[in-house]
file start_6.cif (mmCIF, C-alpha atoms and all ligand atoms)
data_target
loop_
_atom_site.group_PDB
_atom_site.id
_atom_site.type_symbol
_atom_site.label_atom_id
_atom_site.label_comp_id
_atom_site.auth_asym_id
_atom_site.auth_seq_id
_atom_site.Cartn_x
_atom_site.Cartn_y
_atom_site.Cartn_z
ATOM 1 C CA MET A 1 38.963 21.657 -51.240
ATOM 2 C CA LYS A 2 40.364 24.683 -49.444
ATOM 3 C CA VAL A 3 39.319 25.437 -45.852
ATOM 4 C CA VAL A 4 40.118 28.951 -44.639
ATOM 5 C CA ILE A 5 39.759 29.166 -40.866
ATOM 6 C CA LEU A 6 39.142 32.575 -39.312
ATOM 7 C CA LEU A 7 40.774 32.229 -35.932
ATOM 8 C CA GLY A 8 40.391 35.003 -33.401
ATOM 9 C CA PRO A 9 38.821 36.084 -30.116
ATOM 10 C CA PRO A 10 35.180 37.109 -29.611
ATOM 11 C CA GLY A 11 34.330 40.392 -31.297
ATOM 12 C CA ILE A 12 37.389 40.627 -33.506
ATOM 13 C CA GLY A 13 35.207 40.695 -36.621
ATOM 14 C CA LYS A 14 35.310 37.081 -37.858
ATOM 15 C CA GLY A 15 31.667 37.229 -38.942
ATOM 16 C CA THR A 16 31.998 40.687 -40.521
ATOM 17 C CA VAL A 17 35.138 39.834 -42.492
ATOM 18 C CA GLY A 18 33.901 36.297 -43.225
ATOM 19 C CA ASN A 19 30.681 37.546 -44.819
ATOM 20 C CA ILE A 20 32.547 39.968 -47.099
ATOM 21 C CA LEU A 21 35.102 37.325 -48.148
ATOM 22 C CA SER A 22 32.354 34.757 -48.695
ATOM 23 C CA LYS A 23 30.743 37.024 -51.317
ATOM 24 C CA LYS A 24 34.054 38.001 -52.930
ATOM 25 C CA TRP A 25 35.353 34.430 -53.085
ATOM 26 C CA ASN A 26 31.991 32.816 -53.797
ATOM 27 C CA ALA A 27 32.584 30.340 -50.983
ATOM 28 C CA PRO A 28 30.136 29.597 -48.158
ATOM 29 C CA LEU A 29 30.850 30.929 -44.678
ATOM 30 C CA ILE A 30 30.153 28.345 -42.011
ATOM 31 C CA SER A 31 29.664 30.233 -38.774
ATOM 32 C CA MET A 32 29.442 27.888 -35.813
ATOM 33 C CA GLY A 33 27.902 30.598 -33.620
ATOM 34 C CA ASP A 34 25.198 31.345 -36.228
ATOM 35 C CA LEU A 35 24.498 27.624 -36.716
ATOM 36 C CA LEU A 36 24.058 27.203 -32.961
ATOM 37 C CA ARG A 37 21.965 30.383 -32.581
ATOM 38 C CA GLU A 38 19.682 29.172 -35.398
ATOM 39 C CA ASN A 39 19.228 25.907 -33.486
ATOM 40 C CA VAL A 40 18.469 27.824 -30.284
ATOM 41 C CA LYS A 41 15.920 30.022 -32.108
ATOM 42 C CA ASN A 42 14.201 26.967 -33.573
ATOM 43 C CA ALA A 43 14.359 25.121 -30.220
ATOM 44 C CA THR A 44 15.897 22.025 -31.842
ATOM 45 C CA SER A 45 17.382 19.325 -29.605
ATOM 46 C CA VAL A 46 20.860 20.745 -30.380
ATOM 47 C CA GLY A 47 19.635 24.269 -29.591
ATOM 48 C CA LEU A 48 18.072 23.325 -26.272
ATOM 49 C CA LYS A 49 21.314 21.674 -25.145
ATOM 50 C CA ALA A 50 23.604 24.431 -26.514
ATOM 51 C CA GLU A 51 21.731 27.415 -25.060
ATOM 52 C CA VAL A 52 22.698 26.624 -21.459
ATOM 53 C CA PHE A 53 26.414 26.933 -22.299
ATOM 54 C CA MET A 54 26.154 29.873 -24.718
ATOM 55 C CA LYS A 55 24.323 32.032 -22.139
ATOM 56 C CA LYS A 56 27.245 31.655 -19.746
ATOM 57 C CA GLY A 57 29.938 32.265 -22.373
ATOM 58 C CA GLU A 58 31.201 28.680 -22.116
ATOM 59 C CA LEU A 59 32.040 26.469 -25.076
ATOM 60 C CA VAL A 60 29.256 24.116 -26.096
ATOM 61 C CA PRO A 61 30.412 20.478 -25.599
ATOM 62 C CA ASP A 62 32.151 19.035 -28.668
ATOM 63 C CA ASP A 63 29.573 16.307 -29.394
ATOM 64 C CA ILE A 64 26.758 18.893 -29.643
ATOM 65 C CA VAL A 65 28.856 21.184 -31.846
ATOM 66 C CA PHE A 66 29.706 18.271 -34.082
ATOM 67 C CA GLU A 67 26.033 17.345 -34.389
ATOM 68 C CA ALA A 68 25.295 20.896 -35.583
ATOM 69 C CA LEU A 69 28.223 20.868 -38.036
ATOM 70 C CA ALA A 70 27.776 17.331 -39.343
ATOM 71 C CA GLY A 71 26.606 17.347 -42.910
ATOM 72 C CA ARG A 72 27.046 21.122 -43.457
ATOM 73 C CA ILE A 73 30.643 20.914 -44.625
ATOM 74 C CA LYS A 74 29.778 18.065 -46.993
ATOM 75 C CA GLN A 75 27.044 20.016 -48.800
ATOM 76 C CA LYS A 76 27.453 20.732 -52.496
ATOM 77 C CA ASP A 77 28.144 24.477 -52.121
ATOM 78 C CA ALA A 78 31.243 23.625 -50.043
ATOM 79 C CA GLU A 79 32.758 21.454 -52.787
ATOM 80 C CA ASN A 80 35.602 23.823 -53.712
ATOM 81 C CA GLY A 81 36.159 25.455 -50.390
ATOM 82 C CA VAL A 82 34.695 27.040 -47.279
ATOM 83 C CA LEU A 83 35.392 29.769 -44.794
ATOM 84 C CA MET A 84 35.042 28.652 -41.174
ATOM 85 C CA ASP A 85 34.151 31.104 -38.394
ATOM 86 C CA GLY A 86 34.248 29.721 -34.851
ATOM 87 C CA PHE A 87 35.356 26.187 -35.642
ATOM 88 C CA PRO A 88 37.625 24.615 -34.539
ATOM 89 C CA ARG A 89 37.743 26.167 -31.081
ATOM 90 C CA ASN A 90 39.864 23.614 -29.263
ATOM 91 C CA ILE A 91 42.317 20.858 -30.130
ATOM 92 C CA ASN A 92 39.691 18.111 -30.029
ATOM 93 C CA GLN A 93 37.662 20.023 -32.633
ATOM 94 C CA ALA A 94 40.805 20.435 -34.774
ATOM 95 C CA HIS A 95 41.079 16.632 -34.788
ATOM 96 C CA MET A 96 37.382 16.367 -35.724
ATOM 97 C CA LEU A 97 37.958 18.663 -38.696
ATOM 98 C CA GLU A 98 40.963 16.656 -39.841
ATOM 99 C CA ASN A 99 38.833 13.502 -39.721
ATOM 100 C CA ILE A 100 36.133 15.072 -41.898
ATOM 101 C CA LEU A 101 38.593 16.328 -44.542
ATOM 102 C CA ASN A 102 40.460 14.310 -47.157
ATOM 103 C CA ASP A 103 44.269 14.128 -47.280
ATOM 104 C CA ASN A 104 44.561 16.484 -50.255
ATOM 105 C CA ASP A 105 42.292 19.178 -48.755
ATOM 106 C CA GLU A 106 44.158 22.345 -47.791
ATOM 107 C CA ILE A 107 43.775 24.182 -44.464
ATOM 108 C CA VAL A 108 44.803 27.843 -44.197
ATOM 109 C CA LEU A 109 44.530 29.805 -40.952
ATOM 110 C CA LEU A 110 44.004 33.525 -40.659
ATOM 111 C CA ASN A 111 45.062 34.410 -37.140
ATOM 112 C CA LEU A 112 43.253 37.695 -36.448
ATOM 113 C CA VAL A 113 44.665 39.881 -33.677
ATOM 114 C CA ALA A 114 43.547 43.144 -32.023
ATOM 115 C CA SER A 115 43.838 44.871 -28.644
ATOM 116 C CA ASN A 116 41.480 44.028 -25.744
ATOM 117 C CA GLU A 117 40.085 47.585 -25.913
ATOM 118 C CA THR A 118 39.086 47.040 -29.554
ATOM 119 C CA LEU A 119 37.407 43.698 -28.740
ATOM 120 C CA THR A 120 35.441 45.039 -25.776
ATOM 121 C CA GLU A 121 34.287 48.086 -27.729
ATOM 122 C CA ARG A 122 33.192 45.992 -30.716
ATOM 123 C CA LEU A 123 31.269 43.514 -28.524
ATOM 124 C CA SER A 124 29.546 45.948 -26.198
ATOM 125 C CA LEU A 125 28.194 48.140 -29.030
ATOM 126 C CA ARG A 126 27.181 45.253 -31.336
ATOM 127 C CA ARG A 127 23.490 44.943 -32.180
ATOM 128 C CA ILE A 128 21.910 42.190 -34.260
ATOM 129 C CA CYS A 129 18.636 41.990 -36.136
ATOM 130 C CA ILE A 130 16.173 39.751 -34.335
ATOM 131 C CA ARG A 131 14.657 38.724 -37.693
ATOM 132 C CA CYS A 132 17.491 38.227 -40.229
ATOM 133 C CA GLY A 133 20.587 38.193 -37.981
ATOM 134 C CA ALA A 134 22.351 41.135 -39.735
ATOM 135 C CA VAL A 135 25.109 42.593 -37.553
ATOM 136 C CA TYR A 136 25.564 46.310 -36.739
ATOM 137 C CA HIS A 137 27.767 48.370 -34.455
ATOM 138 C CA LEU A 138 26.223 51.433 -32.822
ATOM 139 C CA LYS A 139 29.303 53.566 -33.531
ATOM 140 C CA ASN A 140 31.224 51.927 -36.382
ATOM 141 C CA ILE A 141 28.512 50.347 -38.554
ATOM 142 C CA PRO A 142 25.243 51.988 -37.421
ATOM 143 C CA PRO A 143 21.827 51.261 -38.955
ATOM 144 C CA LYS A 144 20.265 54.026 -41.053
ATOM 145 C CA LYS A 145 17.229 54.169 -38.700
ATOM 146 C CA ASP A 146 17.778 53.872 -34.940
ATOM 147 C CA GLY A 147 17.018 50.366 -33.647
ATOM 148 C CA LEU A 148 15.883 48.964 -37.023
ATOM 149 C CA CYS A 149 17.577 46.687 -39.527
ATOM 150 C CA ASP A 150 18.472 48.288 -42.902
ATOM 151 C CA ILE A 151 17.797 44.997 -44.701
ATOM 152 C CA CYS A 152 14.473 43.734 -43.325
ATOM 153 C CA GLY A 153 13.269 46.419 -40.881
ATOM 154 C CA GLY A 154 13.515 43.952 -37.957
ATOM 155 C CA GLU A 155 14.218 45.108 -34.395
ATOM 156 C CA LEU A 156 17.886 45.361 -33.363
ATOM 157 C CA ILE A 157 18.793 43.730 -30.064
ATOM 158 C CA GLN A 158 21.893 43.000 -28.004
ATOM 159 C CA ARG A 159 23.061 39.373 -27.991
ATOM 160 C CA ASN A 160 22.569 37.648 -24.615
ATOM 161 C CA ASP A 161 26.276 36.890 -24.457
ATOM 162 C CA ASP A 162 27.320 40.506 -25.130
ATOM 163 C CA LYS A 163 26.630 41.535 -21.503
ATOM 164 C CA PRO A 164 29.869 42.692 -19.754
ATOM 165 C CA GLU A 165 30.223 39.711 -17.368
ATOM 166 C CA VAL A 166 29.673 37.181 -20.191
ATOM 167 C CA ILE A 167 32.094 39.042 -22.514
ATOM 168 C CA ALA A 168 34.812 38.721 -19.847
ATOM 169 C CA ARG A 169 34.162 34.976 -19.546
ATOM 170 C CA ARG A 170 34.192 34.461 -23.347
ATOM 171 C CA LEU A 171 37.558 36.227 -23.630
ATOM 172 C CA GLU A 172 38.911 34.041 -20.806
ATOM 173 C CA VAL A 173 37.602 30.858 -22.493
ATOM 174 C CA PHE A 174 39.230 31.942 -25.768
ATOM 175 C CA ARG A 175 42.659 32.381 -24.103
ATOM 176 C CA LYS A 176 42.398 28.999 -22.380
ATOM 177 C CA GLU A 177 40.734 26.786 -25.006
ATOM 178 C CA THR A 178 41.230 28.330 -28.443
ATOM 179 C CA GLU A 179 44.571 30.166 -28.296
ATOM 180 C CA PRO A 180 46.472 26.855 -27.911
ATOM 181 C CA LEU A 181 45.352 26.091 -31.491
ATOM 182 C CA ILE A 182 47.930 28.629 -32.724
ATOM 183 C CA LYS A 183 50.718 26.432 -31.360
ATOM 184 C CA TYR A 184 48.951 23.271 -32.526
ATOM 185 C CA TYR A 185 48.668 24.489 -36.118
ATOM 186 C CA ALA A 186 52.109 26.175 -36.323
ATOM 187 C CA GLY A 187 54.237 24.338 -38.885
ATOM 188 C CA LYS A 188 51.354 21.988 -39.712
ATOM 189 C CA HIS A 189 49.369 24.262 -42.018
ATOM 190 C CA LYS A 190 49.807 27.696 -43.545
ATOM 191 C CA MET A 191 48.971 30.287 -40.868
ATOM 192 C CA VAL A 192 49.121 34.061 -41.313
ATOM 193 C CA LYS A 193 48.828 36.659 -38.554
ATOM 194 C CA ILE A 194 46.588 39.567 -39.596
ATOM 195 C CA SER A 195 45.980 42.790 -37.715
ATOM 196 C CA ALA A 196 42.212 43.189 -37.269
ATOM 197 C CA GLU A 197 42.525 46.859 -36.239
ATOM 198 C CA GLY A 198 40.984 49.436 -38.573
ATOM 199 C CA THR A 199 37.926 49.241 -40.782
ATOM 200 C CA PRO A 200 36.577 45.995 -42.306
ATOM 201 C CA GLU A 201 37.915 47.243 -45.673
ATOM 202 C CA ASP A 202 41.439 47.619 -44.184
ATOM 203 C CA ILE A 203 41.319 44.017 -42.942
ATOM 204 C CA ILE A 204 39.969 42.651 -46.229
ATOM 205 C CA ARG A 205 42.783 44.451 -48.090
ATOM 206 C CA ARG A 206 45.388 42.835 -45.802
ATOM 207 C CA ILE A 207 43.873 39.399 -46.437
ATOM 208 C CA GLU A 208 43.481 39.832 -50.186
ATOM 209 C CA GLU A 209 47.129 40.883 -50.477
ATOM 210 C CA LEU A 210 47.982 37.295 -49.514
ATOM 211 C CA GLY A 211 46.413 36.001 -52.753
ATOM 212 C CA LEU A 212 44.894 32.975 -51.034
ATOM 213 C CA TRP A 213 41.924 32.507 -53.316
ATOM 214 C CA GLY A 214 41.299 32.339 -57.045
HETATM 215 P P1 LIG B 1 30.276 33.050 -31.883
HETATM 216 O O1 LIG B 1 29.026 33.621 -32.379
HETATM 217 O O2 LIG B 1 31.193 32.369 -32.837
HETATM 218 O O3 LIG B 1 31.006 34.162 -31.070
HETATM 219 P P2 LIG B 1 32.512 34.626 -30.983
HETATM 220 O O4 LIG B 1 33.582 33.774 -31.497
HETATM 221 O O5 LIG B 1 32.608 34.990 -29.571
HETATM 222 O O6 LIG B 1 32.562 35.741 -32.015
HETATM 223 P P3 LIG B 1 31.548 36.891 -32.179
HETATM 224 O O7 LIG B 1 30.393 36.452 -33.012
HETATM 225 O O8 LIG B 1 31.216 37.477 -30.836
HETATM 226 O O9 LIG B 1 32.424 37.965 -32.880
HETATM 227 P P4 LIG B 1 33.032 38.082 -34.333
HETATM 228 O O10 LIG B 1 34.500 37.878 -34.261
HETATM 229 O O11 LIG B 1 32.272 37.280 -35.349
HETATM 230 O O12 LIG B 1 32.776 39.628 -34.570
HETATM 231 P P5 LIG B 1 31.680 40.405 -35.436
HETATM 232 O O13 LIG B 1 32.005 40.305 -36.879
HETATM 233 O O14 LIG B 1 30.288 40.076 -34.997
HETATM 234 O O15 LIG B 1 29.976 31.991 -30.719
HETATM 235 C C1 LIG B 1 29.044 32.281 -29.697
HETATM 236 C C2 LIG B 1 28.999 31.131 -28.711
HETATM 237 O O16 LIG B 1 28.604 29.915 -29.380
HETATM 238 C C3 LIG B 1 30.319 30.767 -28.011
HETATM 239 O O17 LIG B 1 30.556 31.583 -26.903
HETATM 240 C C4 LIG B 1 30.047 29.302 -27.646
HETATM 241 O O18 LIG B 1 29.198 29.216 -26.535
HETATM 242 C C5 LIG B 1 29.280 28.783 -28.845
HETATM 243 N N1 LIG B 1 30.173 28.220 -29.873
HETATM 244 C C6 LIG B 1 30.407 28.718 -31.127
HETATM 245 N N2 LIG B 1 31.275 27.936 -31.790
HETATM 246 C C7 LIG B 1 31.595 26.921 -30.945
HETATM 247 C C8 LIG B 1 32.467 25.797 -31.041
HETATM 248 N N3 LIG B 1 33.182 25.558 -32.161
HETATM 249 N N4 LIG B 1 32.576 24.992 -29.976
HETATM 250 C C9 LIG B 1 31.856 25.207 -28.857
HETATM 251 N N5 LIG B 1 31.032 26.245 -28.694
HETATM 252 C C10 LIG B 1 30.896 27.090 -29.718
HETATM 253 O O19 LIG B 1 32.039 41.901 -34.990
HETATM 254 C C11 LIG B 1 31.786 42.349 -33.668
HETATM 255 C C12 LIG B 1 31.236 43.789 -33.710
HETATM 256 O O20 LIG B 1 32.235 44.686 -34.185
HETATM 257 C C13 LIG B 1 30.038 43.985 -34.651
HETATM 258 O O21 LIG B 1 29.166 44.908 -34.077
HETATM 259 C C14 LIG B 1 30.637 44.543 -35.941
HETATM 260 O O22 LIG B 1 29.718 45.361 -36.626
HETATM 261 C C15 LIG B 1 31.829 45.336 -35.401
HETATM 262 N N6 LIG B 1 32.988 45.285 -36.280
HETATM 263 C C16 LIG B 1 33.485 44.179 -36.879
HETATM 264 N N7 LIG B 1 34.603 44.457 -37.569
HETATM 265 C C17 LIG B 1 34.825 45.788 -37.378
HETATM 266 C C18 LIG B 1 35.846 46.686 -37.807
HETATM 267 N N8 LIG B 1 36.863 46.290 -38.570
HETATM 268 N N9 LIG B 1 35.766 47.979 -37.425
HETATM 269 C C19 LIG B 1 34.758 48.389 -36.654
HETATM 270 N N10 LIG B 1 33.758 47.585 -36.196
HETATM 271 C C20 LIG B 1 33.803 46.310 -36.557
#

call {"tool": "encode", "arguments": {"input": "start_6.cif", "output": "structure tokens"}}
result
Amino acid sequence: MKVVILLGPPGIGKGTVGNILSKKWNAPLISMGDLLRENVKNATSVGLKAEVFMKKGELVPDDIVFEALAGRIKQKDAENGVLMDGFPRNINQAHMLENILNDNDEIVLLNLVASNETLTERLSLRRICIRCGAVYHLKNIPPKKDGLCDICGGELIQRNDDKPEVIARRLEVFRKETEPLIKYYAGKHKMVKISAEGTPEDIIRRIEELGLWG
């Protein structure tokens, strides 16, 4: 089994790129943020506990995250490989992942990088569909009709954690908790630094040039 981890700060485009690669590679995208948001929307016990932290831009405690993830990675569609967006996010979670995987499973990291200006612009103009979760950007990837989802016609809203003060906190948490993973993984698994500047197509081209899949 191959596990491709999309590692990068909030707003860099992990979900955008991950969804395109998931279709191209016919591999499921496991997005920790989406899994948690789904739990919040459905007011599950995981969701009720996670929401408090997500609203503030803090990481959700590892045991709750693990509860949400448990089982998903072992489902049949993940047999040959998965793309991971937003997990692991700290060294403890990296250990959790290693414990779930078998010795012959392969981990590859795509270390996505972009300037702070790019991140802030992508986050502050992001809108998501309240019904199906599709992601838009008011300037870069706008919906055809103002305020409405192209796919299901649902209302487009701003994520709670895309308010300026929460964005700043999420970027800070990334530098403190998640960036150390780059050092942790260096030399342990294949890791490639990819510029996430430019259009989604530019980024996909850079990734596909690596010939990681197929
Ligand atoms: P999560 O949802 O994972 O948030 P994140 O990592 O902060 O990442 P984002 O979803 O904000 O951004 P993205 O990189 O996916 O960018 P996107 O493709 O949307 O997590 C949310 C919260 O959940 C966390 O803060 C935490 O509380 C909790 N959580 C999640 N995982 C956890 C874990 N493992 N442990 C503990 N807690 C956890 O793109 C952004 C915008 O830019 C969009 O509008 C998009 O249309 C646009 N865009 C994307 N790419 C491009 C491009 N190339 N050019 C122009 N525009 C672009």

call {"tool": "closest_residue", "arguments": {"input": "start_6.cif", "among": "A:Lys183, A:Arg175, A:His95, A:Arg127", "to": "ligand LIG 1 (chain B)", "atoms": "only C-alpha atoms and all ligand atoms"}}
result
A:Arg127

call {"tool": "resolve_selection", "arguments": {"input": "start_6.cif", "expression": "the PyMOL selection byres (((chain A and resi 51) around 9) and not hetatm)", "output": "PDB file with C-alpha atoms, in the coordinates of the input"}}
result
ATOM      1  CA  LEU A  36      24.058  27.203 -32.961  1.00  0.00           C
ATOM      2  CA  ARG A  37      21.965  30.383 -32.581  1.00  0.00           C
ATOM      3  CA  ASN A  39      19.228  25.907 -33.486  1.00  0.00           C
ATOM      4  CA  VAL A  40      18.469  27.824 -30.284  1.00  0.00           C
ATOM      5  CA  VAL A  46      20.860  20.745 -30.380  1.00  0.00           C
ATOM      6  CA  GLY A  47      19.635  24.269 -29.591  1.00  0.00           C
ATOM      7  CA  LEU A  48      18.072  23.325 -26.272  1.00  0.00           C
ATOM      8  CA  LYS A  49      21.314  21.674 -25.145  1.00  0.00           C
ATOM      9  CA  ALA A  50      23.604  24.431 -26.514  1.00  0.00           C
ATOM     10  CA  VAL A  52      22.698  26.624 -21.459  1.00  0.00           C
ATOM     11  CA  PHE A  53      26.414  26.933 -22.299  1.00  0.00           C
ATOM     12  CA  MET A  54      26.154  29.873 -24.718  1.00  0.00           C
ATOM     13  CA  LYS A  55      24.323  32.032 -22.139  1.00  0.00           C
ATOM     14  CA  LYS A  56      27.245  31.655 -19.746  1.00  0.00           C
ATOM     15  CA  VAL A  60      29.256  24.116 -26.096  1.00  0.00           C
TER      16      VAL A  60
END

call {"tool": "residues_around", "arguments": {"input": "start_6.cif", "residues": "stretch 75-84 of chain A", "least_positions_apart": "2", "cutoff": "9 Å", "atoms": "all atoms listed in the file", "output": "PyMOL selection string"}}
result
chain A and resi 1-7+18+21-22+27-32+71-73+86-88+105-106

call {"tool": "write_last_selection", "arguments": {"input": "start_6.cif", "atoms": "C-alpha atoms", "output": "PDB file, keeping the file's coordinate frame"}}
result
ATOM      1  CA  MET A   1      38.963  21.657 -51.240  1.00  0.00           C
ATOM      2  CA  LYS A   2      40.364  24.683 -49.444  1.00  0.00           C
ATOM      3  CA  VAL A   3      39.319  25.437 -45.852  1.00  0.00           C
ATOM      4  CA  VAL A   4      40.118  28.951 -44.639  1.00  0.00           C
ATOM      5  CA  ILE A   5      39.759  29.166 -40.866  1.00  0.00           C
ATOM      6  CA  LEU A   6      39.142  32.575 -39.312  1.00  0.00           C
ATOM      7  CA  LEU A   7      40.774  32.229 -35.932  1.00  0.00           C
ATOM      8  CA  GLY A  18      33.901  36.297 -43.225  1.00  0.00           C
ATOM      9  CA  LEU A  21      35.102  37.325 -48.148  1.00  0.00           C
ATOM     10  CA  SER A  22      32.354  34.757 -48.695  1.00  0.00           C
ATOM     11  CA  ALA A  27      32.584  30.340 -50.983  1.00  0.00           C
ATOM     12  CA  PRO A  28      30.136  29.597 -48.158  1.00  0.00           C
ATOM     13  CA  LEU A  29      30.850  30.929 -44.678  1.00  0.00           C
ATOM     14  CA  ILE A  30      30.153  28.345 -42.011  1.00  0.00           C
ATOM     15  CA  SER A  31      29.664  30.233 -38.774  1.00  0.00           C
ATOM     16  CA  MET A  32      29.442  27.888 -35.813  1.00  0.00           C
ATOM     17  CA  GLY A  71      26.606  17.347 -42.910  1.00  0.00           C
ATOM     18  CA  ARG A  72      27.046  21.122 -43.457  1.00  0.00           C
ATOM     19  CA  ILE A  73      30.643  20.914 -44.625  1.00  0.00           C
ATOM     20  CA  GLY A  86      34.248  29.721 -34.851  1.00  0.00           C
ATOM     21  CA  PHE A  87      35.356  26.187 -35.642  1.00  0.00           C
ATOM     22  CA  PRO A  88      37.625  24.615 -34.539  1.00  0.00           C
ATOM     23  CA  ASP A 105      42.292  19.178 -48.755  1.00  0.00           C
ATOM     24  CA  GLU A 106      44.158  22.345 -47.791  1.00  0.00           C
TER      25      GLU A 106
END

call {"tool": "atom_distance", "arguments": {"input": "start_6.cif", "atom1": "atom C8 of ligand LIG 1 (chain B)", "atom2": "atom CA of A:Gly214"}}
result
28.2 Å

call {"tool": "residues_near_ligand", "arguments": {"input": "start_6.cif", "ligand": "ligand LIG 1 (chain B)", "cutoff": "7 Å", "atoms": "all atoms listed in the file", "output": "VMD selection string"}}
result
chain A and resid 8 to 17 31 to 34 36 53 to 54 57 to 62 65 85 to 89 122 to 123 125 to 127 135 to 137 140 to 141 170 196 to 200 203

call {"tool": "write_last_selection", "arguments": {"input": "start_6.cif", "atoms": "C-alpha atoms", "output": "PDB file, in the frame of the given file"}}
result
ATOM      1  CA  GLY A   8      40.391  35.003 -33.401  1.00  0.00           C
ATOM      2  CA  PRO A   9      38.821  36.084 -30.116  1.00  0.00           C
ATOM      3  CA  PRO A  10      35.180  37.109 -29.611  1.00  0.00           C
ATOM      4  CA  GLY A  11      34.330  40.392 -31.297  1.00  0.00           C
ATOM      5  CA  ILE A  12      37.389  40.627 -33.506  1.00  0.00           C
ATOM      6  CA  GLY A  13      35.207  40.695 -36.621  1.00  0.00           C
ATOM      7  CA  LYS A  14      35.310  37.081 -37.858  1.00  0.00           C
ATOM      8  CA  GLY A  15      31.667  37.229 -38.942  1.00  0.00           C
ATOM      9  CA  THR A  16      31.998  40.687 -40.521  1.00  0.00           C
ATOM     10  CA  VAL A  17      35.138  39.834 -42.492  1.00  0.00           C
ATOM     11  CA  SER A  31      29.664  30.233 -38.774  1.00  0.00           C
ATOM     12  CA  MET A  32      29.442  27.888 -35.813  1.00  0.00           C
ATOM     13  CA  GLY A  33      27.902  30.598 -33.620  1.00  0.00           C
ATOM     14  CA  ASP A  34      25.198  31.345 -36.228  1.00  0.00           C
ATOM     15  CA  LEU A  36      24.058  27.203 -32.961  1.00  0.00           C
ATOM     16  CA  PHE A  53      26.414  26.933 -22.299  1.00  0.00           C
ATOM     17  CA  MET A  54      26.154  29.873 -24.718  1.00  0.00           C
ATOM     18  CA  GLY A  57      29.938  32.265 -22.373  1.00  0.00           C
ATOM     19  CA  GLU A  58      31.201  28.680 -22.116  1.00  0.00           C
ATOM     20  CA  LEU A  59      32.040  26.469 -25.076  1.00  0.00           C
ATOM     21  CA  VAL A  60      29.256  24.116 -26.096  1.00  0.00           C
ATOM     22  CA  PRO A  61      30.412  20.478 -25.599  1.00  0.00           C
ATOM     23  CA  ASP A  62      32.151  19.035 -28.668  1.00  0.00           C
ATOM     24  CA  VAL A  65      28.856  21.184 -31.846  1.00  0.00           C
ATOM     25  CA  ASP A  85      34.151  31.104 -38.394  1.00  0.00           C
ATOM     26  CA  GLY A  86      34.248  29.721 -34.851  1.00  0.00           C
ATOM     27  CA  PHE A  87      35.356  26.187 -35.642  1.00  0.00           C
ATOM     28  CA  PRO A  88      37.625  24.615 -34.539  1.00  0.00           C
ATOM     29  CA  ARG A  89      37.743  26.167 -31.081  1.00  0.00           C
ATOM     30  CA  ARG A 122      33.192  45.992 -30.716  1.00  0.00           C
ATOM     31  CA  LEU A 123      31.269  43.514 -28.524  1.00  0.00           C
ATOM     32  CA  LEU A 125      28.194  48.140 -29.030  1.00  0.00           C
ATOM     33  CA  ARG A 126      27.181  45.253 -31.336  1.00  0.00           C
ATOM     34  CA  ARG A 127      23.490  44.943 -32.180  1.00  0.00           C
ATOM     35  CA  VAL A 135      25.109  42.593 -37.553  1.00  0.00           C
ATOM     36  CA  TYR A 136      25.564  46.310 -36.739  1.00  0.00           C
ATOM     37  CA  HIS A 137      27.767  48.370 -34.455  1.00  0.00           C
ATOM     38  CA  ASN A 140      31.224  51.927 -36.382  1.00  0.00           C
ATOM     39  CA  ILE A 141      28.512  50.347 -38.554  1.00  0.00           C
ATOM     40  CA  ARG A 170      34.192  34.461 -23.347  1.00  0.00           C
ATOM     41  CA  ALA A 196      42.212  43.189 -37.269  1.00  0.00           C
ATOM     42  CA  GLU A 197      42.525  46.859 -36.239  1.00  0.00           C
ATOM     43  CA  GLY A 198      40.984  49.436 -38.573  1.00  0.00           C
ATOM     44  CA  THR A 199      37.926  49.241 -40.782  1.00  0.00           C
ATOM     45  CA  PRO A 200      36.577  45.995 -42.306  1.00  0.00           C
ATOM     46  CA  ILE A 203      41.319  44.017 -42.942  1.00  0.00           C
TER      47      ILE A 203
END

call {"tool": "atom_distance", "arguments": {"input": "start_6.cif", "atom1": "atom CA of A:Leu148", "atom2": "atom CA of A:Val166"}}
result
24.7 Å

call {"tool": "build_atoms", "arguments": {"input": "start_6.cif", "residues": "stretch 138-143 of chain A", "atoms": "N, CA, C and O atoms", "output": "PDB file, in the coordinates of the input"}}
result
ATOM      1  N   LEU A 138      26.879  50.138 -33.027  1.00  0.00           N
ATOM      2  CA  LEU A 138      26.223  51.433 -32.822  1.00  0.00           C
ATOM      3  C   LEU A 138      27.094  52.608 -33.270  1.00  0.00           C
ATOM      4  O   LEU A 138      26.589  53.611 -33.747  1.00  0.00           O
ATOM      5  N   LYS A 139      28.426  52.461 -33.142  1.00  0.00           N
ATOM      6  CA  LYS A 139      29.303  53.566 -33.531  1.00  0.00           C
ATOM      7  C   LYS A 139      29.904  53.350 -34.931  1.00  0.00           C
ATOM      8  O   LYS A 139      29.865  54.232 -35.767  1.00  0.00           O
ATOM      9  N   ASN A 140      30.443  52.156 -35.155  1.00  0.00           N
ATOM     10  CA  ASN A 140      31.224  51.927 -36.382  1.00  0.00           C
ATOM     11  C   ASN A 140      30.389  51.589 -37.613  1.00  0.00           C
ATOM     12  O   ASN A 140      30.723  51.984 -38.720  1.00  0.00           O
ATOM     13  N   ILE A 141      29.335  50.779 -37.409  1.00  0.00           N
ATOM     14  CA  ILE A 141      28.512  50.347 -38.554  1.00  0.00           C
ATOM     15  C   ILE A 141      27.040  50.505 -38.146  1.00  0.00           C
ATOM     16  O   ILE A 141      26.324  49.525 -37.933  1.00  0.00           O
ATOM     17  N   PRO A 142      26.596  51.775 -37.961  1.00  0.00           N
ATOM     18  CA  PRO A 142      25.243  51.988 -37.421  1.00  0.00           C
ATOM     19  C   PRO A 142      24.154  51.755 -38.468  1.00  0.00           C
ATOM     20  O   PRO A 142      24.401  51.921 -39.667  1.00  0.00           O
ATOM     21  N   PRO A 143      22.940  51.391 -38.006  1.00  0.00           N
ATOM     22  CA  PRO A 143      21.827  51.261 -38.955  1.00  0.00           C
ATOM     23  C   PRO A 143      21.388  52.660 -39.403  1.00  0.00           C
ATOM     24  O   PRO A 143      21.650  53.639 -38.713  1.00  0.00           O
TER      25      PRO A 143
END
